[in-house]
Amino acid sequence: MDQTTHEVRLANWTETIKECQSRPKGQTTKQWLEEHGISDKQYYYWLRKVRKNAFAEMSQNLPAPKVKQLPAPALVEIPAENVLPEAESIPAVTIRTKKSTITISSAVSEALMVKLVKAVSHAL
């Protein structure tokens with residue numbers, strides 16, 4: 001099928017699809033198609049073509065999205081408070097990401113835990 005024929009058919013099917021989509025309330029697509037002598041396969045084939053064409057036209061008219069520059073990650077120093085010797089410190093939680101591992105002792109103070117959670121939430 002040459003380009004002109006395709007464009008004419010696309011225009012005709014665009015109108016047919018608009019008519020179907022503005023059918024009376026309560027009438028199903030299948031009922032409307034039967035009433036107008038259109039096969040389901042043909043209708044949905046052209047519906048897909050019409051949607052692709054509409055998306056392509058819409059995409060051409062949209063400006064390119066602006067890319068927001070994120071600030072460089074910052075190193076956050078968390079002062080150690082109430083640190084127990086390693087023998088008395090039992091790991092309670094270990095958090096692993098692609099680039100780092102954080103092990104939190106069961107003896108960590110509440111203040112240090114709050115600071116750590118704040119720092120981690122800003123880093124993610």
# chains A, B, ... in the order shown; residues from 1 in each chain; ligands from 1
>>> residues_around(residues="segment 115-121 of chain A", least_positions_apart="6", cutoff="12 Å", atoms="only C-alpha atoms", output="ChimeraX atom specification")
/A:73-81,95-97,100-104,108-109
>>> select_by_dssp(residues="segment 56-114 of chain A", states="strand (DSSP E or B)", output="JSON, numbers by chain")
{"A": [91, 92, 93, 94, 95, 96, 101, 102, 103, 104, 105]}
>>> write_last_selection(atoms="N, CA, C and O atoms", output="mmCIF file, in the first residue's frame")
data_model
loop_
_atom_site.group_PDB
_atom_site.id
_atom_site.type_symbol
_atom_site.label_atom_id
_atom_site.label_comp_id
_atom_site.auth_asym_id
_atom_site.auth_seq_id
_atom_site.Cartn_x
_atom_site.Cartn_y
_atom_site.Cartn_z
ATOM 1 N N PRO A 91 26.201 -6.477 66.156
ATOM 2 C CA PRO A 91 25.467 -5.914 65.012
ATOM 3 C C PRO A 91 23.990 -6.281 65.070
ATOM 4 O O PRO A 91 23.645 -7.443 65.253
ATOM 5 N N ALA A 92 23.132 -5.266 64.964
ATOM 6 C CA ALA A 92 21.693 -5.500 64.998
ATOM 7 C C ALA A 92 21.085 -5.363 63.605
ATOM 8 O O ALA A 92 20.182 -6.100 63.248
ATOM 9 N N VAL A 93 21.609 -4.420 62.826
ATOM 10 C CA VAL A 93 21.071 -4.153 61.500
ATOM 11 C C VAL A 93 22.235 -3.890 60.543
ATOM 12 O O VAL A 93 23.179 -3.193 60.898
ATOM 13 N N THR A 94 22.136 -4.437 59.337
ATOM 14 C CA THR A 94 23.101 -4.135 58.294
ATOM 15 C C THR A 94 22.334 -3.677 57.067
ATOM 16 O O THR A 94 21.426 -4.371 56.611
ATOM 17 N N ILE A 95 22.681 -2.498 56.562
ATOM 18 C CA ILE A 95 22.035 -1.947 55.374
ATOM 19 C C ILE A 95 23.080 -1.942 54.267
ATOM 20 O O ILE A 95 24.148 -1.361 54.412
ATOM 21 N N ARG A 96 22.753 -2.598 53.140
ATOM 22 C CA ARG A 96 23.690 -2.661 52.023
ATOM 23 C C ARG A 96 23.061 -2.013 50.795
ATOM 24 O O ARG A 96 21.914 -2.273 50.481
ATOM 25 N N THR A 101 27.950 -0.102 52.712
ATOM 26 C CA THR A 101 27.355 -0.987 53.719
ATOM 27 C C THR A 101 27.370 -0.250 55.048
ATOM 28 O O THR A 101 28.378 0.345 55.422
ATOM 29 N N ILE A 102 26.239 -0.299 55.750
ATOM 30 C CA ILE A 102 26.135 0.335 57.065
ATOM 31 C C ILE A 102 25.722 -0.746 58.047
ATOM 32 O O ILE A 102 24.700 -1.411 57.858
ATOM 33 N N THR A 103 26.527 -0.932 59.092
ATOM 34 C CA THR A 103 26.196 -1.892 60.141
ATOM 35 C C THR A 103 25.908 -1.101 61.403
ATOM 36 O O THR A 103 26.718 -0.279 61.825
ATOM 37 N N ILE A 104 24.768 -1.359 62.003
ATOM 38 C CA ILE A 104 24.345 -0.620 63.189
ATOM 39 C C ILE A 104 24.341 -1.580 64.368
ATOM 40 O O ILE A 104 23.752 -2.661 64.313
ATOM 41 N N SER A 105 24.972 -1.161 65.432
ATOM 42 C CA SER A 105 25.094 -1.969 66.633
ATOM 43 C C SER A 105 23.810 -1.911 67.448
ATOM 44 O O SER A 105 23.049 -0.949 67.377
#
>>> residues_around(residues="His36 of chain A", least_positions_apart="4", cutoff="10 Å", atoms="only C-alpha atoms", output="ChimeraX atom specification")
/A:16,20,30-32
>>> residues_around(residues="segment 3-15 of chain A", least_positions_apart="6", cutoff="9 Å", atoms="only C-alpha atoms", output="VMD selection string")
chain A and resid 43 46 to 47 49 to 50 53
